[in-house]
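The structure appears right after this line, and notes come after that.
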Amino acid sequence: MIKKAVRGYSLLELSMAILIVGLLIRLALPSYRDYVQRGWRSEARVVLLSNAQFMARHYAENFSFRASDVAPSLPLPTSPDGSLSPTYQITLTAPDNNSFTLTATPWGWTDSTCGSLTLNHLGYRSATAAVDAQAINQCWQR
């Protein structure tokens with residue numbers, strides 16, 4: 001009887017394949033994480049702008065950004081709206097009747113690129129971790 005040789009992979013070939021897969025994961029993971037965080041940031045911007053529209057309607061109806069002596073409740077207090085695991089907490093500060101500031105603070109993660117995003121009654125946008133106007137624009141556009 002003639003026996004056929006059993007072909008398989010050697011330990012060296014298997015080790016090399018695992019090494020290559022590990023390197024690909026190591027290179028791809030930071031890019032993927034940045035992509036996901038940009039998506040979260042984009043959702044937070046949408047929620048901030050929606051809440052700013054709510055505040056503008058509130059001002060048109062009441063001639064004040066405040067309801068009596070307190071700021072009104074926001075319709076969208078987290079981003080993404082209605083999510084079971086929100087990525088941003090939205091807060092409203094209305095120190096007087098004629099101004100407000102909305103702040104989106106990362107919730108459960110740290111955004112070292114932009115930090116917290118803010119939007120005020122004049123439409124002024126900022127990011128706490130951004131160092132200059134160009135970085136702020138990138139945080140609000142990407």
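In the structure tokens, chains take letters A, B, ... by order of appearance, with residues numbered from 1 within each chain and ligands from 1 in the order shown.
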
Leaving out Asp69 of chain A and any residue of its chain fewer than 4 positions from it, which residues lie within 12 Å of it when counting only C-alpha atoms, given as a compact mmCIF listing (two decimals) with C-alpha atoms, in the first residue's frame?
# COMPACT_ATOMS: atom_id res chain seq x y z
CA SER A 64 -36.53 84.82 27.49
CA PHE A 65 -34.16 81.85 27.39
CA ALA A 94 -28.73 80.13 31.03
CA PRO A 95 -27.22 82.71 33.41
CA ASP A 96 -29.75 85.38 32.42
CA ASN A 97 -32.81 85.83 30.23

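Here the strand (DSSP E or B) residues in segment 1-124 of chain A, by DSSP on the backbone, are Ala67, Val70, Thr78, Ser79, Tyr88, Gln89, Ile90, Thr91, Leu92, Thr93, Ala94, Pro95, Asp96, Ser99, Phe100, Thr101, Leu102, Thr103, Ala104, Thr105, Pro106, Leu117, Thr118, Leu119 and Asn120 of chain A.
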
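Residues in contact with Gln37 of chain A at 10 Å, where only C-alpha atoms are counted and same-chain residues fewer than 3 positions away are skipped, are listed as A:Ser31, A:Tyr32, A:Arg33, A:Asp34, A:Trp40, A:Arg41, A:Ser42, A:Glu43, A:Thr87, A:Trp109, A:Thr110, A:Asp111, A:Thr113.
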
Kindly save the residues from that selection, with C-alpha atoms included, as an mmCIF file, in the first residue's frame.
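Result saved to result_39.cif:
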data_model
loop_
_atom_site.group_PDB
_atom_site.id
_atom_site.type_symbol
_atom_site.label_atom_id
_atom_site.label_comp_id
_atom_site.auth_asym_id
_atom_site.auth_seq_id
_atom_site.Cartn_x
_atom_site.Cartn_y
_atom_site.Cartn_z
ATOM 1 C CA SER A 31 -7.804 54.549 12.827
ATOM 2 C CA TYR A 32 -11.053 52.744 13.524
ATOM 3 C CA ARG A 33 -11.282 54.284 17.009
ATOM 4 C CA ASP A 34 -10.768 57.786 15.533
ATOM 5 C CA TRP A 40 -19.985 60.326 18.003
ATOM 6 C CA ARG A 41 -18.822 63.951 17.688
ATOM 7 C CA SER A 42 -21.011 64.409 14.614
ATOM 8 C CA GLU A 43 -24.068 63.103 16.478
ATOM 9 C CA THR A 87 -21.670 59.058 24.307
ATOM 10 C CA TRP A 109 -14.777 58.211 27.233
ATOM 11 C CA THR A 110 -12.185 60.950 26.800
ATOM 12 C CA ASP A 111 -12.008 63.049 23.646
ATOM 13 C CA THR A 113 -8.853 65.839 20.161
#

**Request:** Output as a PyMOL selection string all residues of chain A that backbone DSSP marks as helix (DSSP H, G or I).
**Result:** chain A and resi 11-62+133-141

Could you write out the selected residues, including C-alpha atoms, as a CSV table (one decimal), in the first residue's frame?
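Result file follows (out.csv):
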chain,number,residue,atom,x,y,z
A,11,LEU,CA,4.3,25.8,13.5
A,12,LEU,CA,6.4,28.5,11.8
A,13,GLU,CA,3.8,29.1,9.1
A,14,LEU,CA,1.1,29.4,11.7
A,15,SER,CA,3.2,31.8,13.8
A,16,MET,CA,3.8,34.0,10.8
A,17,ALA,CA,0.1,34.2,10.0
A,18,ILE,CA,-0.7,35.1,13.6
A,19,LEU,CA,2.0,37.8,13.6
A,20,ILE,CA,0.7,39.3,10.3
A,21,VAL,CA,-2.9,39.4,11.6
A,22,GLY,CA,-1.7,41.0,14.9
A,23,LEU,CA,0.2,43.7,13.1
A,24,LEU,CA,-2.8,44.5,10.9
A,25,ILE,CA,-5.0,44.8,13.9
A,26,ARG,CA,-2.5,47.0,15.7
A,27,LEU,CA,-2.3,49.3,12.7
A,28,ALA,CA,-6.0,49.4,12.0
A,29,LEU,CA,-7.4,49.8,15.5
A,30,PRO,CA,-6.4,53.4,16.2
A,31,SER,CA,-7.8,54.5,12.8
A,32,TYR,CA,-11.1,52.7,13.5
A,33,ARG,CA,-11.3,54.3,17.0
A,34,ASP,CA,-10.8,57.8,15.5
A,35,TYR,CA,-13.4,57.1,12.9
A,36,VAL,CA,-15.9,56.0,15.6
A,37,GLN,CA,-15.2,59.0,17.8
A,38,ARG,CA,-15.7,61.4,14.8
A,39,GLY,CA,-19.1,59.8,14.3
A,40,TRP,CA,-20.0,60.3,18.0
A,41,ARG,CA,-18.8,64.0,17.7
A,42,SER,CA,-21.0,64.4,14.6
A,43,GLU,CA,-24.1,63.1,16.5
A,44,ALA,CA,-23.3,65.5,19.4
A,45,ARG,CA,-23.2,68.4,17.0
A,46,VAL,CA,-26.6,67.5,15.6
A,47,VAL,CA,-28.1,67.3,19.1
A,48,LEU,CA,-26.5,70.6,20.1
A,49,LEU,CA,-27.9,72.4,17.1
A,50,SER,CA,-31.4,70.8,17.7
A,51,ASN,CA,-31.3,72.0,21.3
A,52,ALA,CA,-30.3,75.5,20.1
A,53,GLN,CA,-33.3,75.5,17.8
A,54,PHE,CA,-35.5,74.5,20.8
A,55,MET,CA,-34.0,77.4,22.8
A,56,ALA,CA,-34.6,79.9,19.9
A,57,ARG,CA,-38.3,78.8,19.7
A,58,HIS,CA,-38.5,79.1,23.5
A,59,TYR,CA,-37.2,82.6,23.3
A,60,ALA,CA,-39.6,83.5,20.5
A,61,GLU,CA,-42.6,82.3,22.6
A,62,ASN,CA,-41.4,83.7,26.0
A,133,ALA,CA,-9.4,78.4,15.5
A,134,GLN,CA,-8.5,75.9,12.9
A,135,ALA,CA,-8.7,73.0,15.4
A,136,ILE,CA,-12.1,74.2,16.5
A,137,ASN,CA,-13.3,74.3,12.9
A,138,GLN,CA,-12.1,70.7,12.4
A,139,CYS,CA,-14.0,69.6,15.6
A,140,TRP,CA,-17.2,71.2,14.3
A,141,GLN,CA,-16.8,70.1,10.7

**One-decimal distance in Å that lies between atom CA of Arg142 of chain A and atom CA of Cys114 of chain A** = 10.8 Å

**Asked** Please, what distance in Å, to one decimal, runs between atom CA of Trp107 of chain A and atom CA of Ser85 of chain A?
**Response** 9.2 Å

**Item:** Leu117 of chain A surroundings by only C-alpha atoms, 6 Å radius, close-in-sequence under 5 positions cut, as a PyMOL selection string
**Value:** chain A and resi 103-104+126-127

**Prompt:** Which residues, written as a count of residues only, have at least one atom at most 7 Å from Asn120 of chain A, with only C-alpha atoms counted and residues fewer than 3 positions away on the same chain left out?
**Reply:** 6
